[in-house]
Amino acid sequence: MNADVMDKFKLPASMLAPTVEPSRLGFADTSELDPLDDIIGQERAVEALEFGLRMQSAGFNLYVSGPAGTGRGSLVRQMVARLAQSSPAPPDWCYVNNFHDPTRPICLALPAGQGRPLMRNMAAFIDGLRREIPAIFETKKYLDAKAKLIEETEGKKKALFRDLAELCRERGFGFEETPIGFGLVPLRAGRPMTEQEIEALSDEEQRELTERRKTLESEIREFHVRVHTLDHEAEQRLHEMDRQLVANVLDARFQPLRDRYADLPAVCAYLDEVRKDVIANYKDFLPRESPVLPIPGLEPPGRRSDLTRYQVNVVVEHKADSGAPVVDEPHPTYANLVGKIERKAHLGVMYTDFTEIRAGALLQASGGFLILNALDVLRQPFSWDALKRVIKTRSVKIEDPSEFFGLSTAGLRPESIPVDVKVILVGPPIIYHLLQAYEEDFSKIFKVKADFDIDVHHDEHQERQYARFIARLCRDEQLPHFTADAVAEVLREGFRLAERHDRLSLRFSQISDLVREAAFWAKQEGRSLVTQADVETAIERKRRRANLPEQWIQDEIKEGTILVDLEGEVVGQVNGLSVHQLGDYSFGRPCRITARTFVGTKGLIDIQREAELAGHIHSKGVMTLAGFLAGKFAGAHPFALSASLTFEQTYSEVEGDSAAVAELAAVLSSLADVPVRQWLAVTGSVNQLGEVQPIGGVNEKIEGFFESCKKRGLMGRHGVIIPARNTKHLSLRREVVDAVEAGTFAVYGVNTVEEALELLTGIPAGERAPDGDYPPDSIYGRVARRLAEMAHAVAAWSGSERLEAAKE
């Protein structure tokens, strides 16, 4: 092939990488620019977010979809914060004791900022009662009234005793109190009878004595009842007096407190219950009469000597002017989402009460916005089900997850709290599609999808936006500003990340890291501004930190351990190109693809597939080659071909169809017995019509082959053949572009297999004549002739085999 034909497919250096002229940016350095205050190139996502965040109907929660590093999280937080500032603050929520059933605490809603004052007011109220109630029981007035009541009761009891004693004397018995109770003693002449005197009585007298005793014993029992009644009445009067006394002291403090919350009926109802409980259980405010070991959890149910039951547990509080809450929960466990009931230990005993209830992110975000990472939620047990339940029921019920297994000892069933929260899930697109497919409730509760793009159409406005983004980053992080040529180099890297000449990457996490690293190297050099050289240094240093595996492979190619010919011509052997992906770093490497053809009818034998080292896409590509060959050469005679095809020295799975052109060239070279130029490498997919299709990783593949050639020494004719449709994806390193400009390396773009074959062999592929034949000296002509020979050989062999079978 002459040089003119080679030049026909050679791509000029200007097409190998996008360029940005610093002079057209319109500034000397980024300090002259206004920092960017909006987002770049995410109009579709912004529109969806605006709608989803403002839509108030149920179920219009958002799933923010897009790759990491596109600024999705930053944009969501920025928009949510702006909207939250203009929204009203939601109410505070408190848990208080349920005096009718302490195991079911009651929730109270108060205006924003009023929860903690209620807690303080209740604490001051109870502390005041703790001081004043014991004091009133020590006043002289109270003690005198109590003594008078006791004296009256004792007087009545003594009168009853005298009346009973007189009745007993009248009936011949003495009535006296003994250590074991009251007793009757028979009398004679006013003195107690002795045992001998009682025994000396006649039977008739003893029966009469017994009858009189029984009558008096009935009177004694009646006496006991009356005494007990007097004690009970005295106790009731004393208790009523105490209650009235406590009520008088309580109301002096209670009424101002209740008036303060007169416009909150639920709070007033709770305070009324507090008043009733204080009056009914005022003795809890009095000092204990005897020391008791204070073991929480072992005291009678519903009664706590430390008066905890009167506390207010503020689980959610807001400032009145704070706007709607925005909660970004980084660790969405069940407890962190819904809330939990904590336990305390004292002297080895675990206990809990309503003061140990803690709110989760869903309650904290009620009335506002909750931002969650989708993967984090799905990784945590019970979290996804809890999130769905809250969204569907619009309420939060705090319960212990161990109850799901029947292991809970909490003993509390807090009242549910209504919530109105906008949930924003941030995650990759694949999670969105999986949830749509397998989670039947997902489409009902996440009705808005905000999709983030990974690149934006390139124009001068977007260049300016990039520069303003760099200006903002420099200002926010106190970095040295960037010169215009440094910004141009960052833009060049933006093109490379987007893998398009006409689009800029929106992966701003990577762009931000590049800006920071370039600023670091500028500071190391003592420069006050970041230059193009600093950006290039940052790019190269980052590559150097990650490319050790690439260097190992390139060294093995140079040493000959990995067999790759870069000079000469070989039949049935082509240099293909593959890409290795190692985390965030990918690199290309050349690999030898060989084909051997022979007489037979097995067709194309893909050694990788036979060894189960081929992926589905690679297998499809090989079968596509068989379709192309059959379409080109199966006409007047049967298509008889056996060919083996393999990637040499590959021991892991081969995937993708980007080596299809190289594989086809190897097969055709073997059939035509035409050598292939080893100083060229080729990449590209092919269809059954022979059209070369674009592939991914084109920059890495070209750079990988360039690296191998450079280590062996560039001879001026090394190059790579790529699909012409990949031209728009080119963004090669400056070193490769410089080599192309110097004429020591070349990149060729082809649209068809025929063009690739002509470059690889120097011989035209050939066009079919009207009679159906190809030119005899063309590649296709030689292939057709060889296939015809194979077909005749197969036919002859089959005929002789049938003849032998007939003879037998």
# chains A, B, ... in the order shown; residues from 1 in each chain; ligands from 1
>>> select_by_dssp(residues="segment 23-108 of chain A", states="alpha helix (DSSP H)", output="list in words")
Glu43, Arg44, Ala45, Val46, Glu47, Ala48, Leu49, Glu50, Phe51, Gly52, Leu53, Arg54, Arg72, Gly73, Ser74, Leu75, Val76, Arg77, Gln78, Met79, Val80, Ala81, Arg82, Leu83, Ala84 and Gln85 of chain A
>>> residues_around(residues="Thr683 of chain A", least_positions_apart="2", cutoff="12 Å", atoms="only C-alpha atoms", output="VMD selection string")
chain A and resid 574 to 579 588 to 591 593 656 to 665 680 to 681 685 to 686 692 to 702 705 719 to 724 726 747 to 751 753 756 760
>>> residues_around(residues="Met241 of chain A", least_positions_apart="5", cutoff="10 Å", atoms="only C-alpha atoms", output="ChimeraX atom specification")
/A:142,145-146,235-236,246-247
>>> residues_around(residues="segment 326-336 of chain A", least_positions_apart="4", cutoff="7 Å", atoms="only C-alpha atoms", output="PyMOL selection string")
chain A and resi 81+340+360-361+365+368-372+376-377+380+382-383
>>> atom_distance(atom1="atom CA of Ser642 of chain A", atom2="atom CA of Glu789 of chain A")
12.9 Å
>>> closest_atom_pairs(of="segment 354-375 of chain A", to="segment 303-325 of chain A", cutoff="8 Å", atoms="only C-alpha atoms", output="tab-separated table")
residue	atom	partner	partner_atom	distance
A:Phe354	CA	A:Asn313	CA	7.3
A:Thr355	CA	A:Asn313	CA	5.3
A:Glu356	CA	A:Asn313	CA	8.0
A:Ile357	CA	A:Val315	CA	7.3
A:Arg358	CA	A:Val315	CA	5.9
A:Ala359	CA	A:Val315	CA	5.4
A:Leu363	CA	A:Val316	CA	7.0
A:Gln364	CA	A:Val316	CA	5.9
A:Ala365	CA	A:Pro325	CA	5.4
A:Ser366	CA	A:Pro325	CA	7.3
A:Gly367	CA	A:Ala324	CA	6.1
A:Gly368	CA	A:Ala324	CA	4.7
A:Phe369	CA	A:Pro325	CA	6.3
>>> write_last_selection(atoms="N, CA, C and O atoms", output="PDB file, in the first residue's frame")
ATOM      1  N   PHE A 354     -40.691   5.814  79.999  1.00  0.00           N
ATOM      2  CA  PHE A 354     -40.930   6.681  78.849  1.00  0.00           C
ATOM      3  C   PHE A 354     -39.840   7.726  78.656  1.00  0.00           C
ATOM      4  O   PHE A 354     -39.692   8.278  77.558  1.00  0.00           O
ATOM      5  N   THR A 355     -39.068   8.018  79.704  1.00  0.00           N
ATOM      6  CA  THR A 355     -37.991   8.994  79.560  1.00  0.00           C
ATOM      7  C   THR A 355     -36.831   8.454  78.742  1.00  0.00           C
ATOM      8  O   THR A 355     -35.941   9.215  78.362  1.00  0.00           O
ATOM      9  N   GLU A 356     -36.824   7.149  78.467  1.00  0.00           N
ATOM     10  CA  GLU A 356     -35.751   6.533  77.687  1.00  0.00           C
ATOM     11  C   GLU A 356     -36.111   6.380  76.217  1.00  0.00           C
ATOM     12  O   GLU A 356     -35.387   5.739  75.461  1.00  0.00           O
ATOM     13  N   ILE A 357     -37.233   6.943  75.787  1.00  0.00           N
ATOM     14  CA  ILE A 357     -37.624   6.889  74.376  1.00  0.00           C
ATOM     15  C   ILE A 357     -36.810   7.920  73.601  1.00  0.00           C
ATOM     16  O   ILE A 357     -36.698   9.075  74.004  1.00  0.00           O
ATOM     17  N   ARG A 358     -36.218   7.487  72.469  1.00  0.00           N
ATOM     18  CA  ARG A 358     -35.412   8.381  71.639  1.00  0.00           C
ATOM     19  C   ARG A 358     -35.966   8.381  70.212  1.00  0.00           C
ATOM     20  O   ARG A 358     -36.282   7.332  69.658  1.00  0.00           O
ATOM     21  N   ALA A 359     -36.055   9.547  69.639  1.00  0.00           N
ATOM     22  CA  ALA A 359     -36.584   9.682  68.276  1.00  0.00           C
ATOM     23  C   ALA A 359     -35.504   9.362  67.256  1.00  0.00           C
ATOM     24  O   ALA A 359     -34.314   9.593  67.485  1.00  0.00           O
ATOM     25  N   LEU A 363     -38.612  10.942  62.605  1.00  0.00           N
ATOM     26  CA  LEU A 363     -39.299  11.908  63.468  1.00  0.00           C
ATOM     27  C   LEU A 363     -38.581  13.260  63.450  1.00  0.00           C
ATOM     28  O   LEU A 363     -39.223  14.317  63.420  1.00  0.00           O
ATOM     29  N   GLN A 364     -37.259  13.225  63.475  1.00  0.00           N
ATOM     30  CA  GLN A 364     -36.508  14.476  63.466  1.00  0.00           C
ATOM     31  C   GLN A 364     -36.764  15.265  62.187  1.00  0.00           C
ATOM     32  O   GLN A 364     -36.742  16.498  62.195  1.00  0.00           O
ATOM     33  N   ALA A 365     -37.026  14.540  61.086  1.00  0.00           N
ATOM     34  CA  ALA A 365     -37.237  15.196  59.795  1.00  0.00           C
ATOM     35  C   ALA A 365     -38.694  15.485  59.514  1.00  0.00           C
ATOM     36  O   ALA A 365     -39.015  16.045  58.463  1.00  0.00           O
ATOM     37  N   SER A 366     -39.596  15.109  60.404  1.00  0.00           N
ATOM     38  CA  SER A 366     -41.027  15.323  60.161  1.00  0.00           C
ATOM     39  C   SER A 366     -41.317  16.803  59.941  1.00  0.00           C
ATOM     40  O   SER A 366     -40.848  17.666  60.684  1.00  0.00           O
ATOM     41  N   GLY A 367     -42.088  17.066  58.884  1.00  0.00           N
ATOM     42  CA  GLY A 367     -42.351  18.446  58.513  1.00  0.00           C
ATOM     43  C   GLY A 367     -41.299  19.014  57.595  1.00  0.00           C
ATOM     44  O   GLY A 367     -41.388  20.169  57.180  1.00  0.00           O
ATOM     45  N   GLY A 368     -40.293  18.191  57.257  1.00  0.00           N
ATOM     46  CA  GLY A 368     -39.204  18.650  56.400  1.00  0.00           C
ATOM     47  C   GLY A 368     -38.740  17.560  55.465  1.00  0.00           C
ATOM     48  O   GLY A 368     -39.546  16.884  54.826  1.00  0.00           O
ATOM     49  N   PHE A 369     -37.426  17.336  55.432  1.00  0.00           N
ATOM     50  CA  PHE A 369     -36.825  16.495  54.407  1.00  0.00           C
ATOM     51  C   PHE A 369     -35.831  15.526  55.050  1.00  0.00           C
ATOM     52  O   PHE A 369     -35.053  15.911  55.925  1.00  0.00           O
TER      53      PHE A 369
END
>>> residues_around(residues="segment 14-20 of chain A", least_positions_apart="3", cutoff="7 Å", atoms="only C-alpha atoms", output="compact mmCIF listing (two decimals) with N, CA and C atoms, in the first residue's frame")
# COMPACT_ATOMS: atom_id res chain seq x y z
N LEU A 11 -5.60 9.85 10.88
CA LEU A 11 -6.28 10.95 11.55
C LEU A 11 -5.28 12.04 11.88
N ALA A 488 -7.80 25.76 31.01
CA ALA A 488 -7.91 25.06 29.72
C ALA A 488 -7.47 23.61 29.86
N ARG A 492 -9.63 20.22 29.31
CA ARG A 492 -9.16 19.10 28.48
C ARG A 492 -9.38 17.77 29.21
N HIS A 501 -15.56 14.67 22.21
CA HIS A 501 -15.04 15.99 21.83
C HIS A 501 -16.04 17.09 22.12
N LEU A 730 -12.03 10.57 21.03
CA LEU A 730 -10.60 10.65 21.26
C LEU A 730 -10.23 11.82 22.16
N SER A 731 -9.43 11.53 23.16
CA SER A 731 -8.87 12.55 24.04
C SER A 731 -7.57 12.01 24.59
N LEU A 732 -6.59 11.87 23.70
CA LEU A 732 -5.35 11.19 24.03
C LEU A 732 -4.42 12.08 24.85
N VAL A 737 -0.25 12.63 21.31
CA VAL A 737 -0.53 13.63 20.27
C VAL A 737 0.77 14.20 19.73
>>> closest_residue(among="A:Lys392, A:Arg260, A:Arg496, A:Arg213", to="Val419 of chain A", atoms="only C-alpha atoms")
A:Lys392
>>> atom_distance(atom1="atom CA of Asp38 of chain A", atom2="atom CA of Leu514 of chain A")
20.3 Å
>>> closest_residue(among="A:Leu582, A:Phe223, A:Ser87, A:Arg475", to="Asp163 of chain A", atoms="only C-alpha atoms")
A:Phe223
>>> residues_around(residues="His618 of chain A", least_positions_apart="3", cutoff="10 Å", atoms="only C-alpha atoms", output="ChimeraX atom specification")
/A:606,608-609,613-615,621-624,653-660
>>> write_last_selection(atoms="N, CA and C atoms", output="mmCIF file, in the first residue's frame")
data_model
loop_
_atom_site.group_PDB
_atom_site.id
_atom_site.type_symbol
_atom_site.label_atom_id
_atom_site.label_comp_id
_atom_site.auth_asym_id
_atom_site.auth_seq_id
_atom_site.Cartn_x
_atom_site.Cartn_y
_atom_site.Cartn_z
ATOM 1 N N ASP A 606 -13.875 -20.986 18.714
ATOM 2 C CA ASP A 606 -13.350 -19.981 19.643
ATOM 3 C C ASP A 606 -12.769 -20.714 20.846
ATOM 4 N N GLN A 608 -11.365 -19.593 23.475
ATOM 5 C CA GLN A 608 -11.799 -19.015 24.744
ATOM 6 C C GLN A 608 -13.162 -19.567 25.166
ATOM 7 N N ARG A 609 -14.068 -19.665 24.187
ATOM 8 C CA ARG A 609 -15.399 -20.163 24.522
ATOM 9 C C ARG A 609 -15.353 -21.640 24.881
ATOM 10 N N LEU A 613 -13.745 -19.499 28.938
ATOM 11 C CA LEU A 613 -13.098 -18.258 29.335
ATOM 12 C C LEU A 613 -13.636 -17.079 28.529
ATOM 13 N N ALA A 614 -14.790 -17.257 27.885
ATOM 14 C CA ALA A 614 -15.364 -16.199 27.073
ATOM 15 C C ALA A 614 -16.689 -15.760 27.661
ATOM 16 N N GLY A 615 -16.892 -14.453 27.688
ATOM 17 C CA GLY A 615 -18.175 -13.924 28.124
ATOM 18 C C GLY A 615 -19.198 -14.005 27.012
ATOM 19 N N GLY A 621 -19.818 -11.940 19.431
ATOM 20 C CA GLY A 621 -18.962 -11.342 18.414
ATOM 21 C C GLY A 621 -18.356 -12.371 17.489
ATOM 22 N N VAL A 622 -17.907 -13.506 18.059
ATOM 23 C CA VAL A 622 -17.318 -14.564 17.228
ATOM 24 C C VAL A 622 -18.368 -15.162 16.297
ATOM 25 N N MET A 623 -19.563 -15.375 16.789
ATOM 26 C CA MET A 623 -20.616 -15.923 15.932
ATOM 27 C C MET A 623 -21.010 -14.934 14.835
ATOM 28 N N THR A 624 -20.883 -13.638 15.133
ATOM 29 C CA THR A 624 -21.130 -12.622 14.101
ATOM 30 C C THR A 624 -20.106 -12.745 12.970
ATOM 31 N N GLU A 653 -11.207 -14.465 32.004
ATOM 32 C CA GLU A 653 -12.328 -14.348 31.067
ATOM 33 C C GLU A 653 -12.127 -13.185 30.108
ATOM 34 N N VAL A 654 -12.429 -13.448 28.838
ATOM 35 C CA VAL A 654 -12.400 -12.418 27.802
ATOM 36 C C VAL A 654 -13.830 -12.008 27.530
ATOM 37 N N GLU A 655 -14.090 -10.717 27.627
ATOM 38 C CA GLU A 655 -15.453 -10.222 27.427
ATOM 39 C C GLU A 655 -15.433 -9.049 26.467
ATOM 40 N N GLY A 656 -16.545 -8.860 25.765
ATOM 41 C CA GLY A 656 -16.659 -7.760 24.822
ATOM 42 C C GLY A 656 -16.390 -8.211 23.397
ATOM 43 N N ASP A 657 -16.832 -7.382 22.461
ATOM 44 C CA ASP A 657 -16.648 -7.717 21.039
ATOM 45 C C ASP A 657 -15.749 -6.709 20.331
ATOM 46 N N SER A 658 -14.946 -5.955 21.105
ATOM 47 C CA SER A 658 -14.113 -4.919 20.491
ATOM 48 C C SER A 658 -12.922 -5.504 19.731
ATOM 49 N N ALA A 659 -12.672 -6.800 19.872
ATOM 50 C CA ALA A 659 -11.580 -7.427 19.123
ATOM 51 C C ALA A 659 -12.092 -8.139 17.874
ATOM 52 N N ALA A 660 -13.358 -7.916 17.514
ATOM 53 C CA ALA A 660 -13.941 -8.656 16.392
ATOM 54 C C ALA A 660 -13.216 -8.371 15.079
#
>>> residues_around(residues="Pro111 of chain A", least_positions_apart="5", cutoff="12 Å", atoms="only C-alpha atoms", output="ChimeraX atom specification")
/A:88-94,116-118,261,263-264,267,316-321
>>> write_last_selection(atoms="N, CA and C atoms", output="PDB file, in the first residue's frame")
ATOM      1  N   PRO A  88     -42.306  26.634  57.116  1.00  0.00           N
ATOM      2  CA  PRO A  88     -42.514  26.810  58.564  1.00  0.00           C
ATOM      3  C   PRO A  88     -41.899  25.681  59.369  1.00  0.00           C
ATOM      4  N   ALA A  89     -41.507  25.992  60.580  1.00  0.00           N
ATOM      5  CA  ALA A  89     -40.940  24.970  61.459  1.00  0.00           C
ATOM      6  C   ALA A  89     -42.063  24.058  61.961  1.00  0.00           C
ATOM      7  N   PRO A  90     -41.863  22.758  61.972  1.00  0.00           N
ATOM      8  CA  PRO A  90     -42.881  21.825  62.461  1.00  0.00           C
ATOM      9  C   PRO A  90     -42.944  21.834  63.985  1.00  0.00           C
ATOM     10  N   PRO A  91     -43.949  21.185  64.573  1.00  0.00           N
ATOM     11  CA  PRO A  91     -44.085  21.195  66.034  1.00  0.00           C
ATOM     12  C   PRO A  91     -43.023  20.364  66.735  1.00  0.00           C
ATOM     13  N   ASP A  92     -42.831  20.679  68.008  1.00  0.00           N
ATOM     14  CA  ASP A  92     -42.026  19.829  68.883  1.00  0.00           C
ATOM     15  C   ASP A  92     -42.891  18.656  69.345  1.00  0.00           C
ATOM     16  N   TRP A  93     -42.241  17.539  69.649  1.00  0.00           N
ATOM     17  CA  TRP A  93     -42.961  16.356  70.144  1.00  0.00           C
ATOM     18  C   TRP A  93     -42.342  15.894  71.450  1.00  0.00           C
ATOM     19  N   CYS A  94     -43.217  15.578  72.393  1.00  0.00           N
ATOM     20  CA  CYS A  94     -42.781  15.127  73.717  1.00  0.00           C
ATOM     21  C   CYS A  94     -43.531  13.847  74.071  1.00  0.00           C
ATOM     22  N   ARG A 116     -39.020  22.157  74.995  1.00  0.00           N
ATOM     23  CA  ARG A 116     -38.082  22.248  76.120  1.00  0.00           C
ATOM     24  C   ARG A 116     -38.587  23.163  77.233  1.00  0.00           C
ATOM     25  N   PRO A 117     -39.226  24.304  76.916  1.00  0.00           N
ATOM     26  CA  PRO A 117     -39.819  25.086  78.012  1.00  0.00           C
ATOM     27  C   PRO A 117     -40.844  24.301  78.820  1.00  0.00           C
ATOM     28  N   LEU A 118     -41.652  23.464  78.166  1.00  0.00           N
ATOM     29  CA  LEU A 118     -42.596  22.637  78.918  1.00  0.00           C
ATOM     30  C   LEU A 118     -41.846  21.691  79.853  1.00  0.00           C
ATOM     31  N   TYR A 261     -50.700  27.112  78.890  1.00  0.00           N
ATOM     32  CA  TYR A 261     -50.950  26.199  77.772  1.00  0.00           C
ATOM     33  C   TYR A 261     -52.449  26.053  77.510  1.00  0.00           C
ATOM     34  N   ASP A 263     -54.254  27.201  75.218  1.00  0.00           N
ATOM     35  CA  ASP A 263     -54.618  27.008  73.822  1.00  0.00           C
ATOM     36  C   ASP A 263     -54.166  25.653  73.284  1.00  0.00           C
ATOM     37  N   LEU A 264     -53.636  24.800  74.149  1.00  0.00           N
ATOM     38  CA  LEU A 264     -53.215  23.445  73.752  1.00  0.00           C
ATOM     39  C   LEU A 264     -54.012  22.437  74.569  1.00  0.00           C
ATOM     40  N   VAL A 267     -52.202  19.321  76.038  1.00  0.00           N
ATOM     41  CA  VAL A 267     -51.297  19.627  77.152  1.00  0.00           C
ATOM     42  C   VAL A 267     -52.102  19.902  78.418  1.00  0.00           C
ATOM     43  N   VAL A 316     -38.374  15.454  70.021  1.00  0.00           N
ATOM     44  CA  VAL A 316     -38.120  16.262  68.819  1.00  0.00           C
ATOM     45  C   VAL A 316     -38.328  17.723  69.180  1.00  0.00           C
ATOM     46  N   GLU A 317     -37.348  18.559  68.876  1.00  0.00           N
ATOM     47  CA  GLU A 317     -37.496  19.988  69.155  1.00  0.00           C
ATOM     48  C   GLU A 317     -36.902  20.800  68.018  1.00  0.00           C
ATOM     49  N   HIS A 318     -37.500  21.949  67.786  1.00  0.00           N
ATOM     50  CA  HIS A 318     -37.056  22.858  66.734  1.00  0.00           C
ATOM     51  C   HIS A 318     -37.068  24.278  67.270  1.00  0.00           C
ATOM     52  N   LYS A 319     -36.313  25.130  66.613  1.00  0.00           N
ATOM     53  CA  LYS A 319     -36.404  26.548  66.902  1.00  0.00           C
ATOM     54  C   LYS A 319     -37.548  27.145  66.099  1.00  0.00           C
ATOM     55  N   ALA A 320     -38.198  28.127  66.658  1.00  0.00           N
ATOM     56  CA  ALA A 320     -39.393  28.687  66.016  1.00  0.00           C
ATOM     57  C   ALA A 320     -39.071  29.283  64.655  1.00  0.00           C
ATOM     58  N   ASP A 321     -37.863  29.795  64.463  1.00  0.00           N
ATOM     59  CA  ASP A 321     -37.500  30.440  63.209  1.00  0.00           C
ATOM     60  C   ASP A 321     -36.505  29.624  62.392  1.00  0.00           C
TER      61      ASP A 321
END
>>> decode(residues="segment 752-769 of chain A", atoms="N, CA, C and O atoms", output="PDB file, in the first residue's frame")
ATOM      1  N   THR A 752     -15.048   0.230   7.484  1.00  0.00           N
ATOM      2  CA  THR A 752     -15.394  -1.128   7.053  1.00  0.00           C
ATOM      3  C   THR A 752     -14.229  -2.068   7.306  1.00  0.00           C
ATOM      4  O   THR A 752     -13.078  -1.637   7.503  1.00  0.00           O
ATOM      5  N   VAL A 753     -14.564  -3.341   7.278  1.00  0.00           N
ATOM      6  CA  VAL A 753     -13.530  -4.364   7.441  1.00  0.00           C
ATOM      7  C   VAL A 753     -12.533  -4.288   6.288  1.00  0.00           C
ATOM      8  O   VAL A 753     -11.320  -4.480   6.478  1.00  0.00           O
ATOM      9  N   GLU A 754     -13.025  -3.971   5.086  1.00  0.00           N
ATOM     10  CA  GLU A 754     -12.146  -3.915   3.917  1.00  0.00           C
ATOM     11  C   GLU A 754     -11.062  -2.859   4.100  1.00  0.00           C
ATOM     12  O   GLU A 754      -9.887  -3.084   3.741  1.00  0.00           O
ATOM     13  N   GLU A 755     -11.418  -1.706   4.658  1.00  0.00           N
ATOM     14  CA  GLU A 755     -10.420  -0.663   4.882  1.00  0.00           C
ATOM     15  C   GLU A 755      -9.397  -1.110   5.915  1.00  0.00           C
ATOM     16  O   GLU A 755      -8.192  -0.854   5.767  1.00  0.00           O
ATOM     17  N   ALA A 756      -9.849  -1.786   6.972  1.00  0.00           N
ATOM     18  CA  ALA A 756      -8.920  -2.277   7.991  1.00  0.00           C
ATOM     19  C   ALA A 756      -7.974  -3.312   7.397  1.00  0.00           C
ATOM     20  O   ALA A 756      -6.766  -3.310   7.690  1.00  0.00           O
ATOM     21  N   LEU A 757      -8.502  -4.217   6.550  1.00  0.00           N
ATOM     22  CA  LEU A 757      -7.650  -5.245   5.936  1.00  0.00           C
ATOM     23  C   LEU A 757      -6.591  -4.624   5.036  1.00  0.00           C
ATOM     24  O   LEU A 757      -5.435  -5.065   5.013  1.00  0.00           O
ATOM     25  N   GLU A 758      -6.985  -3.592   4.304  1.00  0.00           N
ATOM     26  CA  GLU A 758      -6.027  -2.949   3.406  1.00  0.00           C
ATOM     27  C   GLU A 758      -4.906  -2.296   4.193  1.00  0.00           C
ATOM     28  O   GLU A 758      -3.738  -2.340   3.783  1.00  0.00           O
ATOM     29  N   LEU A 759      -5.244  -1.692   5.354  1.00  0.00           N
ATOM     30  CA  LEU A 759      -4.207  -1.098   6.193  1.00  0.00           C
ATOM     31  C   LEU A 759      -3.310  -2.165   6.802  1.00  0.00           C
ATOM     32  O   LEU A 759      -2.090  -1.980   6.908  1.00  0.00           O
ATOM     33  N   LEU A 760      -3.894  -3.278   7.219  1.00  0.00           N
ATOM     34  CA  LEU A 760      -3.131  -4.304   7.925  1.00  0.00           C
ATOM     35  C   LEU A 760      -2.226  -5.118   7.000  1.00  0.00           C
ATOM     36  O   LEU A 760      -1.182  -5.623   7.434  1.00  0.00           O
ATOM     37  N   THR A 761      -2.628  -5.279   5.754  1.00  0.00           N
ATOM     38  CA  THR A 761      -1.877  -6.166   4.849  1.00  0.00           C
ATOM     39  C   THR A 761      -1.213  -5.427   3.694  1.00  0.00           C
ATOM     40  O   THR A 761      -0.294  -5.970   3.067  1.00  0.00           O
ATOM     41  N   GLY A 762      -1.695  -4.235   3.362  1.00  0.00           N
ATOM     42  CA  GLY A 762      -1.171  -3.536   2.194  1.00  0.00           C
ATOM     43  C   GLY A 762      -1.781  -4.019   0.905  1.00  0.00           C
ATOM     44  O   GLY A 762      -1.366  -3.585  -0.179  1.00  0.00           O
ATOM     45  N   ILE A 763      -2.734  -4.927   0.973  1.00  0.00           N
ATOM     46  CA  ILE A 763      -3.389  -5.496  -0.214  1.00  0.00           C
ATOM     47  C   ILE A 763      -4.866  -5.145  -0.145  1.00  0.00           C
ATOM     48  O   ILE A 763      -5.494  -5.291   0.911  1.00  0.00           O
ATOM     49  N   PRO A 764      -5.466  -4.687  -1.245  1.00  0.00           N
ATOM     50  CA  PRO A 764      -6.899  -4.390  -1.233  1.00  0.00           C
ATOM     51  C   PRO A 764      -7.712  -5.633  -0.895  1.00  0.00           C
ATOM     52  O   PRO A 764      -7.355  -6.755  -1.276  1.00  0.00           O
ATOM     53  N   ALA A 765      -8.808  -5.409  -0.186  1.00  0.00           N
ATOM     54  CA  ALA A 765      -9.673  -6.536   0.162  1.00  0.00           C
ATOM     55  C   ALA A 765     -10.358  -7.100  -1.065  1.00  0.00           C
ATOM     56  O   ALA A 765     -10.592  -8.304  -1.165  1.00  0.00           O
ATOM     57  N   GLY A 766     -10.700  -6.241  -2.007  1.00  0.00           N
ATOM     58  CA  GLY A 766     -11.343  -6.698  -3.239  1.00  0.00           C
ATOM     59  C   GLY A 766     -12.841  -6.500  -3.215  1.00  0.00           C
ATOM     60  O   GLY A 766     -13.483  -6.658  -2.182  1.00  0.00           O
ATOM     61  N   GLU A 767     -13.379  -6.171  -4.420  1.00  0.00           N
ATOM     62  CA  GLU A 767     -14.813  -6.008  -4.548  1.00  0.00           C
ATOM     63  C   GLU A 767     -15.357  -7.086  -5.471  1.00  0.00           C
ATOM     64  O   GLU A 767     -14.727  -7.467  -6.462  1.00  0.00           O
ATOM     65  N   ARG A 768     -16.544  -7.567  -5.185  1.00  0.00           N
ATOM     66  CA  ARG A 768     -17.155  -8.627  -5.979  1.00  0.00           C
ATOM     67  C   ARG A 768     -17.535  -8.084  -7.369  1.00  0.00           C
ATOM     68  O   ARG A 768     -18.169  -7.040  -7.492  1.00  0.00           O
ATOM     69  N   ALA A 769     -17.129  -8.813  -8.380  1.00  0.00           N
ATOM     70  CA  ALA A 769     -17.455  -8.441  -9.756  1.00  0.00           C
ATOM     71  C   ALA A 769     -18.890  -8.839 -10.073  1.00  0.00           C
ATOM     72  O   ALA A 769     -19.522  -9.592  -9.321  1.00  0.00           O
TER      73      ALA A 769
END
